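**Q** Coordinates in entry_26.txt, compact mmCIF, C-alpha atoms, are listed below.
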```
# COMPACT_ATOMS: atom_id res chain seq x y z
CA MET Y 1 64.40 156.93 124.36
CA THR Y 2 64.84 153.54 126.00
CA THR Y 3 64.98 153.11 129.73
CA PRO Y 4 67.52 150.66 131.21
CA THR Y 5 64.81 148.35 132.46
CA GLN Y 6 61.28 147.87 131.23
CA PRO Y 7 58.31 145.94 132.60
CA ALA Y 8 58.09 142.39 131.33
CA GLU Y 9 54.48 142.89 130.28
CA GLN Y 10 55.50 145.88 128.14
CA LEU Y 11 58.26 143.93 126.38
CA SER Y 12 55.89 141.05 125.70
CA THR Y 13 53.68 143.30 123.56
CA THR Y 14 56.50 144.74 121.42
CA THR Y 15 57.58 143.26 118.13
CA LEU Y 16 60.96 141.71 117.42
CA LEU Y 17 63.30 142.88 114.66
CA ARG Y 18 66.33 140.88 113.59
CA PHE Y 19 68.86 142.99 111.71
CA ALA Y 20 72.46 142.79 110.58
CA THR Y 21 75.16 145.36 109.91
CA ALA Y 22 77.54 145.12 106.96
CA GLY Y 23 80.06 147.27 105.16
CA SER Y 24 83.72 147.67 104.30
CA VAL Y 25 86.57 147.61 106.78
CA ASP Y 26 86.74 150.75 108.95
CA ASP Y 27 83.37 152.05 107.80
CA GLY Y 28 82.31 152.10 111.45
CA LYS Y 29 79.92 149.18 111.85
CA SER Y 30 80.95 148.31 115.39
CA THR Y 31 81.01 151.99 116.37
CA LEU Y 32 77.45 152.39 115.05
CA VAL Y 33 76.27 149.38 117.04
CA GLY Y 34 78.08 150.66 120.12
CA ARG Y 35 76.50 154.09 119.67
CA LEU Y 36 73.05 152.50 119.32
CA LEU Y 37 73.55 150.54 122.54
CA HIS Y 38 75.08 153.48 124.42
CA ASP Y 39 72.66 156.21 123.39
CA SER Y 40 69.62 153.98 123.87
CA LYS Y 41 70.87 153.23 127.38
CA SER Y 42 71.13 149.52 126.66
CA VAL Y 43 74.63 149.17 128.11
CA LEU Y 44 75.17 147.94 131.65
CA THR Y 45 77.37 150.05 133.89
CA ASP Y 46 80.07 147.41 134.26
CA GLN Y 47 80.19 146.94 130.47
CA LEU Y 48 80.68 150.65 129.93
CA GLU Y 49 83.35 150.81 132.62
CA ALA Y 50 85.22 147.92 130.97
CA VAL Y 51 85.13 149.71 127.61
CA GLU Y 52 86.33 152.97 129.17
CA ASP Y 53 89.18 151.12 130.87
CA ALA Y 54 90.20 149.35 127.66
CA SER Y 55 90.06 152.65 125.77
CA ARG Y 56 92.31 154.38 128.30
CA LYS Y 57 94.86 151.59 128.01
CA ARG Y 58 94.92 152.23 124.25
CA GLY Y 59 95.57 155.94 124.84
CA GLN Y 60 92.08 157.10 123.91
CA GLU Y 61 90.41 159.84 125.95
CA ALA Y 62 86.83 159.01 124.95
CA PRO Y 63 85.46 155.47 125.21
CA ASP Y 64 85.75 153.47 121.99
CA LEU Y 65 82.17 152.25 121.59
CA ALA Y 66 83.25 149.69 118.98
CA LEU Y 67 84.65 147.63 121.86
CA LEU Y 68 81.08 146.91 122.98
CA THR Y 69 80.83 144.45 120.10
CA ASP Y 70 84.44 143.61 119.18
CA GLY Y 71 85.03 141.23 122.05
CA LEU Y 72 87.76 138.97 120.66
CA ARG Y 73 91.32 139.88 121.60
CA ALA Y 74 92.39 139.75 117.94
CA GLU Y 75 89.55 142.11 117.04
CA ARG Y 76 90.56 144.67 119.65
CA GLU Y 77 94.24 144.45 118.80
CA GLN Y 78 93.63 144.98 115.07
CA GLY Y 79 90.65 147.30 115.41
CA ILE Y 80 88.56 145.12 113.11
CA THR Y 81 85.58 142.78 113.38
CA ILE Y 82 86.39 139.11 112.70
CA ASP Y 83 83.45 137.10 113.99
CA VAL Y 84 79.73 137.81 113.99
CA ALA Y 85 78.80 139.57 117.24
CA TYR Y 86 75.19 139.19 118.36
CA ARG Y 87 73.62 141.73 120.68
CA TYR Y 88 70.17 141.94 122.20
CA PHE Y 89 68.51 145.17 123.29
CA ALA Y 90 65.08 146.73 123.51
CA THR Y 91 63.24 150.02 123.44
CA PRO Y 92 59.64 150.62 124.54
CA ARG Y 93 58.57 150.18 120.92
CA ARG Y 94 60.48 147.08 119.81
CA ARG Y 95 62.96 144.34 120.75
CA PHE Y 96 66.06 143.79 118.66
CA ILE Y 97 68.51 141.02 117.83
CA LEU Y 98 71.42 142.45 115.88
CA ALA Y 99 74.33 140.77 114.17
CA ASP Y 100 77.45 142.89 113.69
CA THR Y 101 79.20 141.18 110.77
CA PRO Y 102 82.80 141.55 109.54
CA GLY Y 103 83.74 143.73 106.59
CA HIS Y 104 86.71 141.85 105.15
CA VAL Y 105 86.23 139.98 101.88
CA GLN Y 106 87.49 136.76 103.47
CA TYR Y 107 84.68 136.94 106.04
CA THR Y 108 81.82 137.15 103.51
CA ARG Y 109 80.60 133.79 104.86
CA ASN Y 110 80.18 135.41 108.27
CA MET Y 111 77.91 138.05 106.76
CA VAL Y 112 75.84 135.29 105.17
CA THR Y 113 75.49 133.69 108.60
CA GLY Y 114 74.44 136.93 110.27
CA ALA Y 115 72.02 138.03 107.56
CA SER Y 116 70.39 134.64 106.90
CA THR Y 117 67.66 135.27 109.47
CA ALA Y 118 67.61 139.08 109.29
CA GLU Y 119 64.59 141.11 108.22
CA LEU Y 120 66.74 144.21 107.74
CA ALA Y 121 70.36 144.89 106.80
CA VAL Y 122 72.22 148.08 107.62
CA VAL Y 123 74.95 148.64 105.00
CA LEU Y 124 77.49 151.26 106.03
CA VAL Y 125 79.42 153.44 103.62
CA ASP Y 126 82.26 155.82 104.47
CA ALA Y 127 81.16 159.23 103.16
CA ARG Y 128 84.74 159.91 102.00
CA ASN Y 129 84.96 156.74 99.91
CA GLY Y 130 81.41 156.27 98.65
CA VAL Y 131 80.15 152.98 97.22
CA VAL Y 132 83.05 150.54 96.92
CA GLU Y 133 83.45 146.93 95.86
CA GLN Y 134 82.58 145.53 99.28
CA THR Y 135 79.47 147.71 99.43
CA ARG Y 136 78.21 146.13 96.23
CA ARG Y 137 79.14 142.69 97.51
CA HIS Y 138 77.10 143.13 100.69
CA ALA Y 139 74.13 144.53 98.77
CA ALA Y 140 74.23 141.46 96.52
CA VAL Y 141 74.39 139.09 99.51
CA ALA Y 142 71.40 140.87 101.09
CA ALA Y 143 69.47 140.45 97.84
CA LEU Y 144 70.55 136.83 97.55
CA LEU Y 145 69.30 136.10 101.07
CA ARG Y 146 66.00 137.89 100.37
CA VAL Y 147 66.46 140.45 103.16
CA PRO Y 148 63.33 142.60 102.67
CA HIS Y 149 64.65 145.93 104.03
CA VAL Y 150 68.05 147.56 103.47
CA VAL Y 151 69.29 150.72 105.18
CA LEU Y 152 72.18 152.64 103.64
CA ALA Y 153 73.95 154.41 106.51
CA VAL Y 154 76.33 156.99 105.04
CA ASN Y 155 78.76 157.25 107.95
CA LYS Y 156 81.46 159.77 108.89
CA MET Y 157 79.49 162.72 107.58
CA ASP Y 158 81.43 164.85 110.10
CA LEU Y 159 84.55 164.25 108.00
CA VAL Y 160 82.95 165.75 104.87
CA ASP Y 161 81.52 168.81 106.67
CA TYR Y 162 78.03 167.27 106.68
CA ALA Y 163 77.71 168.10 102.97
CA GLU Y 164 74.34 167.19 101.49
CA PRO Y 165 75.65 166.72 97.90
CA VAL Y 166 78.08 164.05 99.12
CA PHE Y 167 75.27 162.11 100.78
CA ALA Y 168 72.89 162.57 97.83
CA ALA Y 169 75.40 161.22 95.29
CA ILE Y 170 76.19 158.12 97.39
CA ALA Y 171 72.52 157.46 98.10
CA GLU Y 172 71.60 157.70 94.43
CA GLU Y 173 74.36 155.32 93.31
CA PHE Y 174 73.65 152.71 95.98
CA THR Y 175 69.87 152.85 95.58
CA ALA Y 176 70.12 152.28 91.84
CA TYR Y 177 72.44 149.30 92.32
CA ALA Y 178 70.42 147.67 95.14
CA ALA Y 179 67.16 148.18 93.27
CA SER Y 180 68.65 146.45 90.23
CA LEU Y 181 69.35 143.46 92.46
CA GLY Y 182 65.70 143.29 93.44
CA VAL Y 183 65.95 144.71 96.98
CA PRO Y 184 62.35 145.81 97.64
CA GLU Y 185 63.01 148.67 100.07
CA ILE Y 186 66.06 150.93 100.50
CA THR Y 187 66.35 153.77 103.03
CA ALA Y 188 69.36 156.12 103.07
CA ILE Y 189 70.35 157.92 106.29
CA PRO Y 190 73.34 160.30 106.76
CA ILE Y 191 75.06 159.64 110.10
CA SER Y 192 78.17 160.07 112.19
CA ALA Y 193 78.43 157.05 114.47
CA LEU Y 194 81.37 158.57 116.34
CA ALA Y 195 79.60 161.84 117.08
CA GLY Y 196 76.12 160.32 117.37
CA ASP Y 197 74.51 162.30 114.54
CA ASN Y 198 71.22 160.72 113.37
CA VAL Y 199 71.91 157.45 115.18
CA VAL Y 200 69.54 157.79 118.11
CA GLU Y 201 69.13 161.57 118.25
CA PRO Y 202 68.56 163.86 115.23
CA SER Y 203 71.61 165.77 114.08
CA SER Y 204 71.81 169.53 114.50
CA HIS Y 205 74.46 169.62 111.78
CA MET Y 206 72.24 168.27 108.99
CA ASP Y 207 69.08 170.34 109.01
CA TRP Y 208 68.74 169.54 105.30
CA TYR Y 209 67.85 165.95 106.22
CA GLY Y 210 64.25 165.43 107.26
CA GLY Y 211 64.13 161.62 107.51
CA PRO Y 212 64.28 159.30 110.52
CA THR Y 213 67.29 158.50 112.66
CA VAL Y 214 68.66 154.98 112.48
CA LEU Y 215 66.91 153.93 115.70
CA GLU Y 216 63.65 155.57 114.69
CA HIS Y 217 63.67 153.66 111.42
CA LEU Y 218 64.52 150.40 113.19
CA GLU Y 219 61.62 150.98 115.55
CA THR Y 220 59.07 151.78 112.86
CA VAL Y 221 60.00 149.70 109.81
CA PRO Y 222 57.12 147.29 109.13
CA VAL Y 223 58.13 143.75 109.98
CA SER Y 224 55.78 140.88 109.33
CA HIS Y 225 56.28 137.73 111.38
CA ASP Y 226 52.95 136.43 110.14
CA LEU Y 227 53.76 133.16 108.41
CA THR Y 228 50.14 132.06 108.35
CA GLY Y 229 49.72 133.17 104.75
CA CYS Y 230 52.58 130.96 103.58
CA HIS Y 231 52.38 127.37 102.37
CA ALA Y 232 51.69 125.22 105.44
CA ARG Y 233 54.68 123.07 106.36
CA PHE Y 234 55.28 120.89 109.43
CA PRO Y 235 58.64 119.12 109.71
CA VAL Y 236 58.36 116.19 112.10
CA GLN Y 237 60.98 116.38 114.82
CA TYR Y 238 59.92 113.58 117.16
CA VAL Y 239 57.37 110.73 117.29
CA ILE Y 240 55.54 110.51 120.62
CA ARG Y 241 54.38 106.97 121.40
CA PRO Y 242 54.10 106.55 125.22
CA GLN Y 243 52.45 103.07 125.11
CA THR Y 244 51.30 103.44 128.71
CA ALA Y 245 48.15 102.17 130.39
CA GLU Y 246 46.77 105.71 130.30
CA HIS Y 247 47.67 106.25 126.62
CA PRO Y 248 47.97 102.79 125.05
CA ASP Y 249 47.26 103.87 121.47
CA TYR Y 250 48.53 107.47 121.45
CA ARG Y 251 50.71 108.35 118.48
CA GLY Y 252 51.63 111.98 117.91
CA TYR Y 253 54.12 113.80 115.71
CA ALA Y 254 55.85 116.66 117.44
CA GLY Y 255 57.67 119.63 115.94
CA GLN Y 256 57.51 123.32 115.15
CA ILE Y 257 55.22 124.55 112.39
CA ALA Y 258 57.58 126.13 109.86
CA ALA Y 259 54.88 128.08 108.02
CA GLY Y 260 51.16 128.30 107.48
CA VAL Y 261 48.14 127.05 109.41
CA PHE Y 262 46.97 123.54 110.27
CA ARG Y 263 43.40 122.63 111.28
CA THR Y 264 41.76 119.56 112.75
CA GLY Y 265 39.96 117.63 110.03
CA GLU Y 266 42.26 118.84 107.27
CA PRO Y 267 43.51 116.30 104.70
CA VAL Y 268 47.31 116.13 104.73
CA THR Y 269 50.09 114.36 102.90
CA VAL Y 270 53.22 112.94 104.51
CA LEU Y 271 56.34 113.51 102.45
CA PRO Y 272 58.43 112.08 100.94
CA SER Y 273 56.33 108.88 101.12
CA GLY Y 274 53.22 110.57 99.70
CA ARG Y 275 50.89 108.79 102.14
CA THR Y 276 47.70 110.69 102.93
CA SER Y 277 45.61 111.04 106.05
CA THR Y 278 43.53 113.55 107.99
CA ILE Y 279 44.45 115.56 111.09
CA ALA Y 280 42.59 113.94 113.97
CA GLY Y 281 43.79 116.39 116.59
CA ILE Y 282 46.37 119.02 117.49
CA ASP Y 283 47.91 119.20 120.96
CA LEU Y 284 49.39 122.50 122.13
CA LEU Y 285 50.90 122.88 125.60
CA GLY Y 286 48.95 119.89 126.86
CA ASN Y 287 45.61 121.06 125.47
CA SER Y 288 43.74 120.02 122.34
CA VAL Y 289 43.16 122.83 119.86
CA ASP Y 290 41.33 123.02 116.55
CA ILE Y 291 43.87 125.24 114.82
CA ALA Y 292 47.60 125.96 115.09
CA TRP Y 293 49.96 128.20 113.15
CA ALA Y 294 53.64 129.03 112.67
CA PRO Y 295 55.85 129.20 114.66
CA GLN Y 296 53.97 127.24 117.34
CA SER Y 297 55.41 123.95 118.59
CA VAL Y 298 52.65 121.33 118.54
CA THR Y 299 51.90 117.63 118.33
CA ILE Y 300 49.75 116.53 115.40
CA ARG Y 301 47.69 113.33 115.52
CA LEU Y 302 46.43 111.63 112.36
CA THR Y 303 43.35 109.50 111.81
CA ASP Y 304 45.31 106.76 110.03
CA ASP Y 305 48.18 104.70 111.39
CA VAL Y 306 50.61 105.70 108.66
CA ASP Y 307 54.38 105.41 108.81
CA VAL Y 308 55.71 108.82 109.90
CA SER Y 309 59.18 109.40 111.34
CA ARG Y 310 61.60 112.21 112.15
CA GLY Y 311 62.52 114.15 109.04
CA ASP Y 312 59.17 113.66 107.31
CA LEU Y 313 57.18 116.72 106.26
CA ILE Y 314 53.43 117.05 106.78
CA ALA Y 315 51.66 119.43 104.38
CA PRO Y 316 48.08 120.04 103.20
CA SER Y 317 47.19 117.56 100.48
CA ASP Y 318 46.09 120.34 98.12
CA ASP Y 319 49.27 122.38 98.66
CA ALA Y 320 52.08 119.85 99.10
CA PRO Y 321 55.54 120.60 97.69
CA ALA Y 322 57.04 118.41 95.01
CA VAL Y 323 59.67 115.91 96.12
CA THR Y 324 62.94 115.57 94.28
CA GLN Y 325 66.31 113.90 94.41
CA ASP Y 326 67.92 116.47 92.12
CA VAL Y 327 68.48 119.71 94.01
CA GLU Y 328 69.52 122.81 92.06
CA ALA Y 329 70.48 125.67 94.30
CA THR Y 330 72.72 128.61 95.07
CA VAL Y 331 75.17 127.95 97.89
CA CYS Y 332 77.58 130.03 99.90
CA HIS Y 333 80.60 127.92 100.74
CA VAL Y 334 81.62 128.49 104.36
CA ALA Y 335 84.24 125.78 105.00
CA ASP Y 336 87.99 126.18 104.55
CA ARG Y 337 88.15 122.96 102.53
CA PRO Y 338 86.73 123.29 98.99
CA LEU Y 339 83.48 121.84 97.65
CA THR Y 340 84.21 119.73 94.57
CA ILE Y 341 82.29 117.84 91.89
CA GLY Y 342 81.78 114.21 92.92
CA GLN Y 343 82.13 114.98 96.61
CA ARG Y 344 79.92 112.95 98.94
CA VAL Y 345 78.03 115.09 101.46
CA LEU Y 346 75.08 115.09 103.80
CA ILE Y 347 72.24 117.50 103.10
CA LYS Y 348 70.26 118.74 106.09
CA HIS Y 349 66.84 120.16 105.25
CA THR Y 350 64.62 121.12 108.23
CA THR Y 351 64.67 117.98 110.42
CA ARG Y 352 65.73 115.59 107.65
CA THR Y 353 69.34 114.62 106.86
CA VAL Y 354 70.14 112.43 103.84
CA LYS Y 355 73.21 111.33 101.92
CA ALA Y 356 74.01 113.12 98.68
CA ILE Y 357 76.66 113.69 96.05
CA VAL Y 358 77.65 116.93 94.31
CA LYS Y 359 76.91 116.20 90.65
CA ASP Y 360 77.88 119.55 89.15
CA ILE Y 361 79.01 123.10 89.93
CA PRO Y 362 77.76 124.99 86.85
CA SER Y 363 79.08 128.40 87.83
CA ARG Y 364 80.61 130.66 90.43
CA LEU Y 365 79.28 134.18 91.00
CA THR Y 366 81.62 137.15 91.28
CA LEU Y 367 79.76 139.57 93.50
CA ASP Y 368 81.96 142.52 92.56
CA ASP Y 369 80.27 142.92 89.17
CA LEU Y 370 77.81 139.99 89.08
CA SER Y 371 79.86 138.31 86.38
CA GLN Y 372 79.92 134.53 86.11
CA HIS Y 373 82.66 131.97 85.85
CA PRO Y 374 81.24 128.85 84.23
CA ALA Y 375 82.37 125.39 85.32
CA PRO Y 376 84.76 126.43 88.12
CA GLY Y 377 85.17 122.81 89.22
CA GLN Y 378 85.08 123.72 92.90
CA LEU Y 379 83.97 126.36 95.39
CA VAL Y 380 86.35 127.63 98.05
CA ALA Y 381 85.64 129.55 101.26
CA ASN Y 382 83.38 132.59 100.72
CA ASP Y 383 82.50 131.56 97.15
CA ILE Y 384 78.88 131.74 96.04
CA GLY Y 385 77.84 129.54 93.16
CA ARG Y 386 75.29 127.24 91.62
CA VAL Y 387 75.36 123.53 92.45
CA VAL Y 388 73.45 120.43 91.43
CA VAL Y 389 73.16 117.82 94.18
CA ARG Y 390 71.76 114.31 93.83
CA THR Y 391 70.27 112.95 97.06
CA ALA Y 392 69.96 109.32 98.10
CA GLU Y 393 66.37 109.91 99.25
CA PRO Y 394 63.73 112.39 98.06
CA LEU Y 395 63.43 115.80 99.71
CA ALA Y 396 60.36 118.06 99.90
CA LEU Y 397 62.02 121.39 99.11
CA ASP Y 398 60.31 124.71 98.52
CA ALA Y 399 61.97 127.47 96.51
CA TYR Y 400 63.92 129.81 98.78
CA ALA Y 401 62.03 132.72 97.20
CA ASP Y 402 58.81 131.23 98.60
CA SER Y 403 60.11 130.18 102.02
CA ARG Y 404 63.42 131.04 103.67
CA ARG Y 405 62.75 128.23 106.17
CA THR Y 406 61.84 125.27 103.95
CA GLY Y 407 63.82 126.49 100.95
CA SER Y 408 67.18 126.48 102.74
CA PHE Y 409 69.52 123.63 103.60
CA LEU Y 410 73.06 122.81 104.72
CA LEU Y 411 75.69 120.68 103.06
CA ILE Y 412 77.66 118.77 105.71
CA ASP Y 413 80.88 116.75 105.61
CA PRO Y 414 79.84 113.19 106.57
CA ALA Y 415 83.31 112.46 107.96
CA ASP Y 416 83.34 114.99 110.79
CA GLY Y 417 80.03 116.88 110.69
CA THR Y 418 81.58 120.16 109.49
CA THR Y 419 79.18 122.52 107.74
CA LEU Y 420 80.41 122.97 104.17
CA SER Y 421 77.87 125.21 102.47
CA ALA Y 422 74.61 127.05 103.13
CA GLY Y 423 72.14 126.48 100.31
CA MET Y 424 69.13 128.28 98.88
CA ALA Y 425 66.96 126.16 96.57
CA GLY Y 426 65.69 127.48 93.27
CA ALA Y 427 66.37 130.82 91.61
CA SER Y 428 67.87 133.97 93.10
CA PHE Y 429 67.88 137.47 91.57
CA ALA Y 430 67.73 135.80 88.16
CA ALA Y 431 66.82 138.88 86.13
CA VAL Y 432 69.75 140.79 87.59
CA VAL Y 433 72.35 138.17 86.74
CA ARG Y 434 71.05 137.81 83.21
CA ALA Y 435 71.02 141.57 82.73
CA ALA Y 436 74.53 142.09 84.08
CA ALA Y 437 76.17 139.11 82.40
CA PRO Y 438 77.58 139.03 78.86
CA ALA Y 439 75.17 137.46 76.39
CA ASP Y 440 77.60 134.61 75.66
CA ASP Y 441 77.48 133.43 79.25
CA GLU Y 442 73.74 133.62 79.89
CA ALA Y 443 73.10 129.94 79.31
CA GLU Y 444 75.77 128.92 81.80
CA TRP Y 445 74.06 130.47 84.83
CA ASP Y 446 70.88 128.36 84.65
CA PHE Y 447 68.60 130.31 86.99
```
Here is the file; what I need is its structure written in the form of structure tokens.
**A**
Amino acid sequence: MTTPTQPAEQLSTTTLLRFATAGSVDDGKSTLVGRLLHDSKSVLTDQLEAVEDASRKRGQEAPDLALLTDGLRAEREQGITIDVAYRYFATPRRRFILADTPGHVQYTRNMVTGASTAELAVVLVDARNGVVEQTRRHAAVAALLRVPHVVLAVNKMDLVDYAEPVFAAIAEEFTAYAASLGVPEITAIPISALAGDNVVEPSSHMDWYGGPTVLEHLETVPVSHDLTGCHARFPVQYVIRPQTAEHPDYRGYAGQIAAGVFRTGEPVTVLPSGRTSTIAGIDLLGNSVDIAWAPQSVTIRLTDDVDVSRGDLIAPSDDAPAVTQDVEATVCHVADRPLTIGQRVLIKHTTRTVKAIVKDIPSRLTLDDLSQHPAPGQLVANDIGRVVVRTAEPLALDAYADSRRTGSFLLIDPADGTTLSAGMAGASFAAVVRAAAPADDEAEWDF
């Protein structure tokens, strides 16, 4: 059980878990989040008093815990979640950043936003309704975004008399579907967010269930933030050239290591130019170090005076990514205006932004049944589809399957800076799409 306040030194030794909630409308996502915050004593007194007051004004005797996350007036009036609500809380075992995402079909893009950095997704299902279209849609989005852990929270078990067969049937159907999408780990938990069963405390009504509560699973699920085993990548954010009497010849390249490890004396290649050099030194917090790793922010110095600027990528010479001007990717379109063939855009990849043009939109994915619509001509808000983009300058892209950081990008409207689409380079659950699609359409999906 979490205490309201914890020593700073204790929090500094706990791990961080980013997770997102998803599910259909009225499945109880916001109530679950509110119950987590309330029962783990992560709610300030004035926040709870405000929720109790708002609940009384709506004629409710008990506080509506969903109001802890549904902060917009439109959300409270309609009793739905519209925008992504981020909340931060901690227990003695772990710190959490959660994203409570909307359930409506038209807000699928919001779920993509919330789950893009999540290591775990909690998908809620109403025990009375079972797995529905939106459940499958959210499972597919989690698989598409390579979320490594998925929790199926079968909510409102109190409304089905806490029946084990109801839970077992839903868990079996969802697990089979999510596994077919390539989700590596699925955990099913029967809960009642309203009553608090199996959210923070074990339920006395479901003695047939011997697994963890939601909070216990969140606290214990293995989460690896170790990016040192990944391909080493260093996007240059800023060139430091003081040209002072004290440092007349200093030239350093500052940024955050996106993945991997860099060492002094290591041969590196600067992309997209392809120029090579050797790391002469690494500066970290004002001190010279021999080694640095992700996600540290450092300044790298090279032995040669090569041309390096913001947007360039430094990588080990024996493990450098290929550069390309033809980007094939899956994108989720998030703007209200459509994305069309021939449209001129900006593509932002790490610290680099270049001009580009949409050369083709081979297909649009229907997440309901994973069917494909070849040659849609455009993507509208919440659509997910394949695109081919030709860039004005080469980009050093990794496959999204290899790196969520250096395999992702944004398409931006050059006229006003609006984000148009979120992109994931390379393939994504290819085997699933081929298996689910009619044989006639296989060639159109090009994964």
**Q** So how many Å separate CA of Lys359 (chain Y) and CA of Arg390 (chain Y), to one decimal?
**A**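 The value is 6.3 Å.
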**Q** Report as a short mmCIF file (atom, residue, chain, number, x, y, z; two decimals) with C-alpha atoms, keeping the file's coordinate frame all protein, DNA and RNA residues lying within 8 Å of Leu124 (chain Y), evaluated on only C-alpha atoms, omitting residues in the same chain fewer than 6 positions from it.
**A**
```
data_model
loop_
_atom_site.label_atom_id
_atom_site.label_comp_id
_atom_site.auth_asym_id
_atom_site.auth_seq_id
_atom_site.Cartn_x
_atom_site.Cartn_y
_atom_site.Cartn_z
CA THR Y 21 75.16 145.36 109.91
CA ALA Y 22 77.54 145.12 106.96
CA GLY Y 23 80.06 147.27 105.16
CA SER Y 24 83.72 147.67 104.30
CA ASP Y 27 83.37 152.05 107.80
CA GLY Y 28 82.31 152.10 111.45
CA LYS Y 29 79.92 149.18 111.85
CA THR Y 135 79.47 147.71 99.43
CA LEU Y 152 72.18 152.64 103.64
CA ALA Y 153 73.95 154.41 106.51
CA VAL Y 154 76.33 156.99 105.04
CA ASN Y 155 78.76 157.25 107.95
#
```
**Q** Distance CA of Ala396 (chain Y)-CA of Thr324 (chain Y), one decimal place?
**A**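 Spanning CA of Ala396 (chain Y) to CA of Thr324 (chain Y) is a straight-line distance of 6.7 Å.
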**Q** Please identify all polymer residues within 9 Å of region 290-304 of chain Y, counting only C-alpha atoms, omitting same-chain residues fewer than 6 positions from it, and present them as a PyMOL selection string.
**A** chain Y and resi 226-228+232-234+239-240+250-265+268+276-284
**Q** For CA of Asn198 (chain Y) and CA of Met111 (chain Y), quote the distance in Å rounded to one decimal.
**A** 24.5 Å
**Q** May I ask which of the residues Y:Arg128, Y:Lys41, Y:Arg146, Y:Arg136 is the closest one to Ala169 (chain Y), counting all atoms listed in the file?
**A**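 Closest to Ala169 (chain Y) of all the choices is Y:Arg128.
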**Q** Between Y:Ile191, Y:Cys230, Y:Val166, Y:Ala121, which one has atoms that come closest to Gly211 (chain Y), using all atoms listed in the file?
**A**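 Residue with the minimum atom-to-atom distance to Gly211 (chain Y): Y:Ile191.
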**Q** Excluding region 373-378 of chain Y and its own-chain neighbours fewer than 6 positions away, which residues fall within 7 Å of it when counting only C-alpha atoms? Please give them as a CSV table (one decimal) with C-alpha atoms, in the frame of the given file.
**A**
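New file part-v2.csv:
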```csv
chain,number,residue,atom,x,y,z
Y,338,PRO,CA,86.7,123.3,99.0
Y,339,LEU,CA,83.5,121.8,97.6
Y,340,THR,CA,84.2,119.7,94.6
Y,341,ILE,CA,82.3,117.8,91.9
Y,361,ILE,CA,79.0,123.1,89.9
Y,362,PRO,CA,77.8,125.0,86.8
Y,363,SER,CA,79.1,128.4,87.8
Y,364,ARG,CA,80.6,130.7,90.4
Y,365,LEU,CA,79.3,134.2,91.0
Y,444,GLU,CA,75.8,128.9,81.8
```
**Q** Need the shell around Cys332 (chain Y): protein/DNA/RNA residues with any atom at most 10 Å away, counting only C-alpha atoms. Skip same-chain ones fewer than 6 positions apart. Format as a ChimeraX atom specification?
**A** /Y:108-109,112-113,141,364-365,379-386,410,420-424
**Q** Using only C-alpha atoms, which of Y:Thr213, Y:Ala329, Y:Asp398, Y:Ser192 sits nearest Leu144 (chain Y)?
**A**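 Nearest candidate to Leu144 (chain Y) out of Y:Thr213, Y:Ala329, Y:Asp398, Y:Ser192: Y:Ala329.
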**Q** What's around Pro394 (chain Y) at 7 Å? Count only C-alpha atoms, leave out sequence neighbours fewer than 6 positions away in its own chain, and write the answer as a compact mmCIF listing (two decimals) with C-alpha atoms, in the frame of the given file.
**A**
```txt
# COMPACT_ATOMS: atom_id res chain seq x y z
CA PRO Y 272 58.43 112.08 100.94
CA VAL Y 323 59.67 115.91 96.12
CA THR Y 324 62.94 115.57 94.28
CA GLN Y 325 66.31 113.90 94.41
```
**Q** Select, from Y:Glu219, Y:Glu133, Y:Asp100, Y:Asp26, the residue with the minimum atom-to-atom distance to Ala118 (chain Y), counting only C-alpha atoms.
**A**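 Closest to Ala118 (chain Y) of all the choices is Y:Asp100.
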**Q** Using only C-alpha atoms, pick whichever of Y:His247, Y:Arg310, Y:His231, Y:Arg94 has the shortest atom-to-atom distance to His217 (chain Y).
**A** Y:Arg94
**Q** So, with only C-alpha atoms as the atoms that count, which of Y:Val147, Y:Val270, Y:Val223, Y:Ala115 lies closest to Tyr86 (chain Y)?
**A**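 Of Y:Val147, Y:Val270, Y:Val223, Y:Ala115, the one nearest Tyr86 (chain Y), counting only C-alpha atoms, is Y:Ala115.
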**Q** As a compact mmCIF listing (two decimals), in the frame of the given file, could you write out region 185-191 of chain Y once it has been completed with N, CA and C atoms?
**A**
```txt
# COMPACT_ATOMS: atom_id res chain seq x y z
N GLU Y 185 63.10 147.39 99.36
CA GLU Y 185 63.01 148.67 100.07
C GLU Y 185 64.39 149.13 100.51
N ILE Y 186 64.76 150.37 100.15
CA ILE Y 186 66.06 150.93 100.50
C ILE Y 186 65.84 152.29 101.15
N THR Y 187 66.44 152.50 102.31
CA THR Y 187 66.35 153.77 103.03
C THR Y 187 67.75 154.29 103.29
N ALA Y 188 68.03 155.52 102.88
CA ALA Y 188 69.36 156.12 103.07
C ALA Y 188 69.31 157.13 104.21
N ILE Y 189 70.29 157.03 105.12
CA ILE Y 189 70.35 157.92 106.29
C ILE Y 189 71.78 158.43 106.45
N PRO Y 190 72.00 159.76 106.50
CA PRO Y 190 73.34 160.30 106.76
C PRO Y 190 73.63 160.31 108.27
N ILE Y 191 74.78 159.75 108.67
CA ILE Y 191 75.06 159.64 110.10
C ILE Y 191 76.53 159.93 110.39
```
